[in-house]
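Source file: upload-v5.pdb. Holds: PDB, C-alpha atoms.
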ATOM      1  CA  MET A   1      78.153 105.098  74.042
ATOM      2  CA  LYS A   2      81.636 105.313  72.565
ATOM      3  CA  ARG A   3      84.067 102.452  73.024
ATOM      4  CA  PRO A   4      86.638 104.466  75.079
ATOM      5  CA  ILE A   5      83.882 105.384  77.533
ATOM      6  CA  LEU A   6      82.864 101.721  77.860
ATOM      7  CA  ILE A   7      86.435 100.644  78.496
ATOM      8  CA  ALA A   8      86.948 103.423  81.054
ATOM      9  CA  ALA A   9      83.770 102.353  82.866
ATOM     10  CA  ALA A  10      84.940  98.738  82.938
ATOM     11  CA  ALA A  11      88.349  99.760  84.265
ATOM     12  CA  GLY A  12      86.704 101.804  87.002
ATOM     13  CA  ALA A  13      84.481  98.893  88.004
ATOM     14  CA  TYR A  14      87.530  96.626  88.064
ATOM     15  CA  LEU A  15      89.447  98.947  90.396
ATOM     16  CA  VAL A  16      86.497  99.314  92.779
ATOM     17  CA  ALA A  17      86.014  95.546  92.958
ATOM     18  CA  ALA A  18      89.748  94.938  93.387
ATOM     19  CA  TRP A  19      89.859  97.368  96.305
ATOM     20  CA  MET A  20      86.893  95.689  97.979
ATOM     21  CA  VAL A  21      88.289  92.156  97.784
ATOM     22  CA  ALA A  22      92.060  92.823  97.937
ATOM     23  CA  PRO A  23      94.479  91.155  97.953
ATOM     24  CA  GLY A  24      93.039  87.928  96.569
ATOM     25  CA  PHE A  25      91.511  89.630  93.535
ATOM     26  CA  TYR A  26      94.923  90.602  92.210
ATOM     27  CA  ASP A  27      95.906  86.922  91.970
ATOM     28  CA  GLY A  28      93.574  86.561  89.000
ATOM     29  CA  ILE A  29      90.149  85.098  88.466
ATOM     30  CA  ALA A  30      90.106  81.322  88.206
ATOM     31  CA  PRO A  31      87.616  78.614  89.146
ATOM     32  CA  GLN A  32      87.996  77.620  92.778
ATOM     33  CA  GLN A  33      88.913  73.973  93.335
ATOM     34  CA  PRO A  34      85.957  72.072  94.865
ATOM     35  CA  TYR A  35      86.270  71.540  98.595
ATOM     36  CA  ASN A  36      86.753  67.964  99.808
ATOM     37  CA  TRP A  37      84.305  67.461 102.642
ATOM     38  CA  VAL A  38      84.158  64.911 105.430
ATOM     39  CA  CYS A  39      80.516  65.765 106.120
ATOM     40  CA  PRO A  40      79.364  67.668 103.040
ATOM     41  CA  PRO A  41      76.515  70.162 103.344
ATOM     42  CA  PRO A  42      73.508  69.520 101.073
ATOM     43  CA  ILE A  43      74.504  72.427  98.822
ATOM     44  CA  ALA A  44      77.799  70.684  97.965
ATOM     45  CA  GLY A  45      75.981  68.234  95.670
ATOM     46  CA  ALA A  46      78.313  66.501  93.226
ATOM     47  CA  ASN A  47      81.344  68.247  94.701
ATOM     48  CA  SER A  48      81.151  66.028  97.796
ATOM     49  CA  GLY A  49      82.443  62.859  96.121
ATOM     50  CA  VAL A  50      86.176  63.298  96.886
ATOM     51  CA  ALA A  51      87.317  62.408 100.384
ATOM     52  CA  ALA A  52      89.323  64.923 102.398
ATOM     53  CA  ALA A  53      93.030  64.100 102.468
ATOM     54  CA  SER A  54      95.496  63.783 105.324
ATOM     55  CA  GLY A  55      99.101  64.970 105.588
ATOM     56  CA  HIS A  56     102.410  63.780 107.039
ATOM     57  CA  LEU A  57     105.768  65.475 107.619
ATOM     58  CA  VAL A  58     109.092  64.572 109.195
ATOM     59  CA  ILE A  59     111.071  67.594 110.441
ATOM     60  CA  LYS A  60     114.797  67.260 111.031
ATOM     61  CA  VAL A  61     116.280  68.220 114.378
ATOM     62  CA  ILE A  62     119.884  69.434 114.449
ATOM     63  CA  ASP A  63     121.626  70.082 117.779
ATOM     64  CA  GLY A  64     118.293  70.117 119.552
ATOM     65  CA  THR A  65     116.704  72.668 117.193
ATOM     66  CA  SER A  66     113.943  71.656 114.798
ATOM     67  CA  ASP A  67     114.209  72.883 111.213
ATOM     68  CA  ALA A  68     111.750  75.228 109.551
ATOM     69  CA  ASN A  69     109.204  73.318 107.498
ATOM     70  CA  SER A  70     105.527  73.085 106.567
ATOM     71  CA  ALA A  71     103.082  70.203 106.870
ATOM     72  CA  PHE A  72     100.100  70.105 104.551
ATOM     73  CA  THR A  73      97.311  67.792 103.469
ATOM     74  CA  ASP A  74      97.624  66.154 100.072
ATOM     75  CA  ASP A  75      94.683  68.185  98.757
ATOM     76  CA  GLY A  76      96.136  71.464 100.042
ATOM     77  CA  GLN A  77      93.197  72.273 102.318
ATOM     78  CA  VAL A  78      95.356  72.676 105.447
ATOM     79  CA  ILE A  79      98.935  73.863 105.844
ATOM     80  CA  VAL A  80     100.859  74.314 109.085
ATOM     81  CA  SER A  81     104.163  76.194 108.993
ATOM     82  CA  PHE A  82     106.848  75.872 111.661
ATOM     83  CA  LEU A  83     109.801  78.218 112.147
ATOM     84  CA  PRO A  84     113.204  76.998 113.350
ATOM     85  CA  GLY A  85     113.058  75.852 116.957
ATOM     86  CA  ALA A  86     109.263  75.613 117.018
ATOM     87  CA  PHE A  87     109.395  72.298 118.911
ATOM     88  CA  GLN A  88     110.824  71.244 122.229
ATOM     89  CA  ALA A  89     113.044  68.713 120.508
ATOM     90  CA  ALA A  90     116.121  68.358 122.715
ATOM     91  CA  GLY A  91     117.463  64.802 122.452
ATOM     92  CA  ASN A  92     115.472  64.072 119.271
ATOM     93  CA  THR A  93     116.731  63.678 115.726
ATOM     94  CA  GLN A  94     113.370  64.378 114.107
ATOM     95  CA  VAL A  95     109.799  65.466 114.782
ATOM     96  CA  THR A  96     106.852  63.794 113.080
ATOM     97  CA  VAL A  97     103.725  65.832 112.290
ATOM     98  CA  ASP A  98     100.400  64.388 111.125
ATOM     99  CA  ILE A  99      97.217  66.082 109.883
ATOM    100  CA  LYS A 100      94.020  64.031 109.733
ATOM    101  CA  PRO A 101      90.422  65.011 108.901
ATOM    102  CA  VAL A 102      88.089  64.112 111.744
ATOM    103  CA  SER A 103      85.113  61.789 111.382
ATOM    104  CA  PRO A 104      82.433  61.824 112.702
ATOM    105  CA  CYS A 105      82.244  65.575 112.351
ATOM    106  CA  PRO A 106      82.025  67.637 115.557
ATOM    107  CA  ASN A 107      78.950  69.862 115.640
ATOM    108  CA  PRO A 108      79.134  72.311 118.570
ATOM    109  CA  SER A 109      75.897  74.121 119.370
ATOM    110  CA  ASP A 110      77.525  77.555 119.656
ATOM    111  CA  LEU A 111      79.584  77.435 116.435
ATOM    112  CA  HIS A 112      79.118  76.878 112.715
ATOM    113  CA  PHE A 113      82.121  75.296 111.011
ATOM    114  CA  SER A 114      82.909  76.337 107.439
ATOM    115  CA  THR A 115      85.706  73.780 107.050
ATOM    116  CA  ASN A 116      86.364  70.205 108.006
ATOM    117  CA  VAL A 117      87.710  69.588 111.489
ATOM    118  CA  TYR A 118      91.340  68.439 111.421
ATOM    119  CA  LEU A 119      93.436  66.803 114.118
ATOM    120  CA  ILE A 120      97.056  68.022 113.992
ATOM    121  CA  THR A 121      99.512  66.071 116.149
ATOM    122  CA  ALA A 122     103.276  65.840 116.640
ATOM    123  CA  ASP A 123     105.536  63.643 118.737
ATOM    124  CA  ALA A 124     107.048  66.751 120.363
ATOM    125  CA  SER A 125     105.440  69.775 122.004
ATOM    126  CA  LEU A 126     105.532  73.286 120.597
ATOM    127  CA  VAL A 127     107.592  75.833 122.485
ATOM    128  CA  GLN A 128     105.546  78.206 124.611
ATOM    129  CA  ASN A 129     107.959  81.132 125.080
ATOM    130  CA  THR A 130     107.736  83.063 121.802
ATOM    131  CA  ASN A 131     108.926  86.457 123.155
ATOM    132  CA  GLY A 132     107.094  88.129 120.282
ATOM    133  CA  ALA A 133     109.993  87.293 117.956
ATOM    134  CA  SER A 134     107.749  86.583 114.984
ATOM    135  CA  PRO A 135     104.045  86.810 114.103
ATOM    136  CA  CYS A 136     104.287  83.105 113.220
ATOM    137  CA  GLN A 137     105.753  81.734 116.440
ATOM    138  CA  PRO A 138     105.774  78.899 117.023
ATOM    139  CA  ALA A 139     103.361  77.796 114.246
ATOM    140  CA  CYS A 140     100.959  79.218 111.659
ATOM    141  CA  ILE A 141      97.946  77.357 110.327
ATOM    142  CA  GLY A 142      96.105  78.083 107.090
ATOM    143  CA  MET A 143      92.756  76.496 106.223
ATOM    144  CA  ARG A 144      91.098  76.661 102.819
ATOM    145  CA  TYR A 145      87.302  76.864 102.878
ATOM    146  CA  SER A 146      84.472  76.286 100.458
ATOM    147  CA  THR A 147      82.855  79.030  98.384
ATOM    148  CA  LEU A 148      79.449  77.370  98.767
ATOM    149  CA  ILE A 149      78.827  78.330 102.386
ATOM    150  CA  PRO A 150      79.517  81.423 104.531
ATOM    151  CA  ALA A 151      83.197  82.188 104.981
ATOM    152  CA  PRO A 152      84.725  81.552 108.430
ATOM    153  CA  SER A 153      85.530  84.496 110.680
ATOM    154  CA  PHE A 154      88.019  82.670 112.923
ATOM    155  CA  ILE A 155      89.960  79.462 113.400
ATOM    156  CA  TYR A 156      88.996  77.478 116.494
ATOM    157  CA  ARG A 157      91.182  75.030 118.420
ATOM    158  CA  SER A 158      90.315  72.352 120.934
ATOM    159  CA  ALA A 159      92.119  69.615 122.848
ATOM    160  CA  ASP A 160      89.104  67.342 122.331
ATOM    161  CA  ALA A 161      86.780  66.785 119.379
ATOM    162  CA  ASN A 162      83.814  67.529 121.648
ATOM    163  CA  GLY A 163      85.231  70.874 122.780
ATOM    164  CA  PRO A 164      85.384  73.322 124.333
ATOM    165  CA  TRP A 165      86.627  75.330 121.356
ATOM    166  CA  THR A 166      88.948  78.332 121.688
ATOM    167  CA  ASN A 167      89.001  81.198 119.194
ATOM    168  CA  ILE A 168      92.643  81.703 118.105
ATOM    169  CA  GLY A 169      91.861  84.538 115.695
ATOM    170  CA  GLY A 170      91.792  84.666 111.947
ATOM    171  CA  SER A 171      92.976  86.735 109.017
ATOM    172  CA  GLU A 172      92.660  86.345 105.261
ATOM    173  CA  ASN A 173      95.585  87.448 103.106
ATOM    174  CA  GLN A 174      94.765  84.951 100.383
ATOM    175  CA  GLN A 175      91.378  84.382  98.811
ATOM    176  CA  PHE A 176      89.405  81.479 100.337
ATOM    177  CA  VAL A 177      92.104  80.800 102.991
ATOM    178  CA  ILE A 178      91.881  81.792 106.658
ATOM    179  CA  ARG A 179      95.032  81.869 108.808
ATOM    180  CA  ALA A 180      95.930  82.053 112.484
ATOM    181  CA  ASN A 181      98.879  81.489 114.827
ATOM    182  CA  THR A 182      98.942  78.772 117.454
ATOM    183  CA  ASN A 183     101.228  77.633 120.269
ATOM    184  CA  GLN A 184      99.396  74.341 120.687
ATOM    185  CA  LEU A 185      98.352  71.516 118.398
ATOM    186  CA  GLY A 186      95.074  69.630 118.566
ATOM    187  CA  TYR A 187      91.744  69.904 116.748
ATOM    188  CA  PHE A 188      91.254  72.828 114.371
ATOM    189  CA  ALA A 189      88.380  74.170 112.266
ATOM    190  CA  GLY A 190      87.417  77.428 110.602
ATOM    191  CA  GLY A 191      84.012  78.820 111.475
ATOM    192  CA  TYR A 192      81.968  81.562 113.086
ATOM    193  CA  PRO A 193      79.699  81.941 116.139
ATOM    194  CA  ALA A 194      76.218  80.504 115.753
ATOM    195  CA  ASN A 195      74.689  83.873 116.715
ATOM    196  CA  ALA A 196      76.706  85.810 114.107
ATOM    197  CA  THR A 197      74.728  88.113 111.828
ATOM    198  CA  ASN A 198      75.215  89.412 108.293
ATOM    199  CA  LYS A 199      76.734  86.139 107.136
ATOM    200  CA  SER A 200      76.155  85.697 103.411
ATOM    201  CA  SER A 201      76.866  82.543 101.437
ATOM    202  CA  GLY A 202      79.710  83.644  99.257
ATOM    203  CA  THR A 203      78.625  87.167  98.229
ATOM    204  CA  SER A 204      82.151  88.560  98.387
ATOM    205  CA  GLN A 205      83.475  85.536  96.525
ATOM    206  CA  LEU A 206      81.033  86.121  93.665
ATOM    207  CA  LEU A 207      81.990  89.780  93.237
ATOM    208  CA  PRO A 208      85.204  89.168  91.251
ATOM    209  CA  ILE A 209      83.346  86.799  88.937
ATOM    210  CA  ALA A 210      80.604  89.360  88.377
ATOM    211  CA  VAL A 211      83.148  92.041  87.553
ATOM    212  CA  ALA A 212      84.944  89.687  85.176
ATOM    213  CA  VAL A 213      81.664  89.039  83.367
ATOM    214  CA  LEU A 214      81.081  92.800  83.177
ATOM    215  CA  ILE A 215      84.526  93.408  81.681
ATOM    216  CA  ILE A 216      84.090  90.634  79.124
ATOM    217  CA  GLY A 217      80.667  92.003  78.222
ATOM    218  CA  VAL A 218      82.100  95.468  77.656
ATOM    219  CA  LEU A 219      84.870  94.111  75.473
ATOM    220  CA  LEU A 220      82.428  92.030  73.444
ATOM    221  CA  ALA A 221      80.189  95.056  73.049
ATOM    222  CA  GLY A 222      83.103  96.910  71.509
ATOM    223  CA  ILE A 223      83.578  94.335  68.742
ATOM    224  CA  PRO A 224      80.461  95.306  66.724
ATOM    225  CA  LEU A 225      81.426  98.982  67.032
ATOM    226  CA  ALA A 226      84.880  98.230  65.690
ATOM    227  CA  MET A 227      83.399  96.238  62.798
ATOM    228  CA  VAL A 228      81.019  99.081  61.917
ATOM    229  CA  ARG A 229      83.898 101.551  61.925
ATOM    230  CA  ARG A 230      85.966  99.327  59.656
ATOM    231  CA  ARG A 231      83.061  98.955  57.236
ATOM    232  CA  ARG A 232      82.526 102.699  57.172
ATOM    233  CA  ALA A 233      86.232 103.293  56.606
ATOM    234  CA  GLY A 234      86.196 100.740  53.782
ATOM    235  CA  ALA A 235      83.130 102.308  52.200
ATOM    236  CA  GLU A 236      84.673 105.772  52.379
ATOM    237  CA  ALA A 237      87.866 104.450  50.781
ATOM    238  CA  ASP A 238      85.825 102.891  47.956
ATOM    239  CA  GLU A 239      83.998 106.187  47.386
ATOM    240  CA  GLU A 240      87.302 108.058  47.214
ATOM    241  CA  ASP A 241      88.595 105.550  44.664
ATOM    242  CA  ASP A 242      85.443 105.955  42.571
ATOM    243  CA  GLU A 243      85.732 109.729  42.688
ATOM    244  CA  GLY A 244      89.391 109.483  41.681
ATOM    245  CA  ASP A 245      88.472 107.324  38.680
ATOM    246  CA  ASP A 246      85.777 109.814  37.598
ATOM    247  CA  ASP A 247      88.208 112.736  37.833
ATOM    248  CA  GLU A 248      90.763 110.803  35.788
ATOM    249  CA  GLU A 249      88.209 110.095  33.062
ATOM    250  CA  ARG A 250      87.197 113.767  32.913
ATOM    251  CA  SER A 251      90.776 114.952  32.622
ATOM    252  CA  THR A 252      91.666 112.493  29.822
ATOM    253  CA  PRO A 253      91.496 114.277  26.405
ATOM    254  CA  ARG A 254      89.252 112.729  23.768
ATOM    255  CA  THR A 255      90.750 111.720  20.397
TER     256      THR A 255
END
Once more with this new file: its structure as structure tokens, please.
Amino acid sequence: MKRPILIAAAAGAYLVAAWMVAPGFYDGIAPQQPYNWVCPPPIAGANSGVAAASGHLVIKVIDGTSDANSAFTDDGQVIVSFLPGAFQAAGNTQVTVDIKPVSPCPNPSDLHFSTNVYLITADASLVQNTNGASPCQPACIGMRYSTLIPAPSFIYRSADANGPWTNIGGSENQQFVIRANTNQLGYFAGGYPANATNKSSGTSQLLPIAVAVLIIGVLLAGIPLAMVRRRRAGAEADEEDDEGDDDEERSTPRT
């Protein structure tokens, strides 16, 4: 198979894979940072040695309106974004937000959690009247999950670690991160119903890696072909030089 055909095939495979896993695939292919578990699953193995981190944020309040800001854990596994005026902060000068991983780990019978459970608290309440002004009113939460276990379908929220848990939706516009909007704080975790079907342990996450290996293989396969062509070109050039020397000798008159 000629090299241009191999490259075209690789490009086609790349585009198909990119379409299937967009938009995260376009961000590039890089090793995913190991997830920091509170209660690591057996498959986590050596990756379970780092403790999950907490987060802390102080949001300024000016004339009764809280500033826009984002709270996140030190390991980047949870981020909560607040728009201006997200809190009922009249009479306050600041709002304090804390994010803490929960231990012992809640284990509801009707859900499987793909992330740690985190308790997100603030010393002021979120506003409840959003009026549909923004898709992120009054707060957005993003939770990174592990590639070692099935990806979460939704983010769940509860007022108590023992439940009940409420599905607040979920979308993924960044690879390995699930997001949802919330008008209440409390306990949060990413997961899926216990009776869910067709849950695979990271099949979609492995697709970009497989395509990358395919592309690299195609490129490596083209190296020997290029070397053979260069050798042939060099041999042909040597033959032309030899023929030129022979013609010169024949045309030189003898004395």
Can you tell me which residues surround His56 (chain A) at a distance of at most 9 Å, considering only C-alpha atoms, apart from same-chain residues fewer than 5 positions away, and format the answer as a PDB file with C-alpha atoms, in the frame of the given file?
ATOM      1  CA  ALA A  71     103.082  70.203 106.870  1.00  0.00           C
ATOM      2  CA  PHE A  72     100.100  70.105 104.551  1.00  0.00           C
ATOM      3  CA  THR A  73      97.311  67.792 103.469  1.00  0.00           C
ATOM      4  CA  ASP A  74      97.624  66.154 100.072  1.00  0.00           C
ATOM      5  CA  THR A  96     106.852  63.794 113.080  1.00  0.00           C
ATOM      6  CA  VAL A  97     103.725  65.832 112.290  1.00  0.00           C
ATOM      7  CA  ASP A  98     100.400  64.388 111.125  1.00  0.00           C
ATOM      8  CA  ILE A  99      97.217  66.082 109.883  1.00  0.00           C
ATOM      9  CA  LYS A 100      94.020  64.031 109.733  1.00  0.00           C
TER      10      LYS A 100
END
Output the residue selection produced by the PyMOL selection byres ((chain A and resi 166-175) around 7) on the file above, formatted as a PyMOL selection string. chain A and resi 23-24+153-158+164-165+176-180+182
Residues from the last selection, C-alpha atoms, saved as a PDB file, in the coordinates of the input:
ATOM      1  CA  PRO A  23      94.479  91.155  97.953  1.00  0.00           C
ATOM      2  CA  GLY A  24      93.039  87.928  96.569  1.00  0.00           C
ATOM      3  CA  SER A 153      85.530  84.496 110.680  1.00  0.00           C
ATOM      4  CA  PHE A 154      88.019  82.670 112.923  1.00  0.00           C
ATOM      5  CA  ILE A 155      89.960  79.462 113.400  1.00  0.00           C
ATOM      6  CA  TYR A 156      88.996  77.478 116.494  1.00  0.00           C
ATOM      7  CA  ARG A 157      91.182  75.030 118.420  1.00  0.00           C
ATOM      8  CA  SER A 158      90.315  72.352 120.934  1.00  0.00           C
ATOM      9  CA  PRO A 164      85.384  73.322 124.333  1.00  0.00           C
ATOM     10  CA  TRP A 165      86.627  75.330 121.356  1.00  0.00           C
ATOM     11  CA  PHE A 176      89.405  81.479 100.337  1.00  0.00           C
ATOM     12  CA  VAL A 177      92.104  80.800 102.991  1.00  0.00           C
ATOM     13  CA  ILE A 178      91.881  81.792 106.658  1.00  0.00           C
ATOM     14  CA  ARG A 179      95.032  81.869 108.808  1.00  0.00           C
ATOM     15  CA  ALA A 180      95.930  82.053 112.484  1.00  0.00           C
ATOM     16  CA  THR A 182      98.942  78.772 117.454  1.00  0.00           C
TER      17      THR A 182
END
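Distances from A:Asn36, A:Ser103, A:Ser114, A:Asn195 to Ala151 (chain A) were compared using all atoms listed in the file, and the smallest one belongs to A:Ser114.
Atom pair CA of Pro42 (chain A) / CA of Pro152 (chain A): separated by 18.0 Å.
Taking CA of Val38 (chain A) and CA of Val78 (chain A) as the two end points, the separation is 13.6 Å.
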Just want the 7 Å neighbourhood of region 91-93 of chain A, counted on only C-alpha atoms, with same-chain residues fewer than 6 positions away dropped. Output as a PyMOL selection string. chain A and resi 60-62+64
Which residue, A:Ile141, A:Ile59, A:Ala159, A:Val102, has the smallest gap to Asn116 (chain A) when you use all atoms listed in the file? A:Val102
In terms of all atoms listed in the file, the residue from A:Ala161, A:Leu119, A:Val58, A:Val127 at minimal distance from Pro101 (chain A) is A:Leu119
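Taking CA of Val80 (chain A) as the reference point, CA of Gly45 (chain A) is found at 28.9 Å.
Among A:Ala53, A:Gly142, A:Leu148, A:Pro104, the residue with the shortest atom-to-atom distance to Cys39 (chain A), counting only C-alpha atoms, is A:Pro104.
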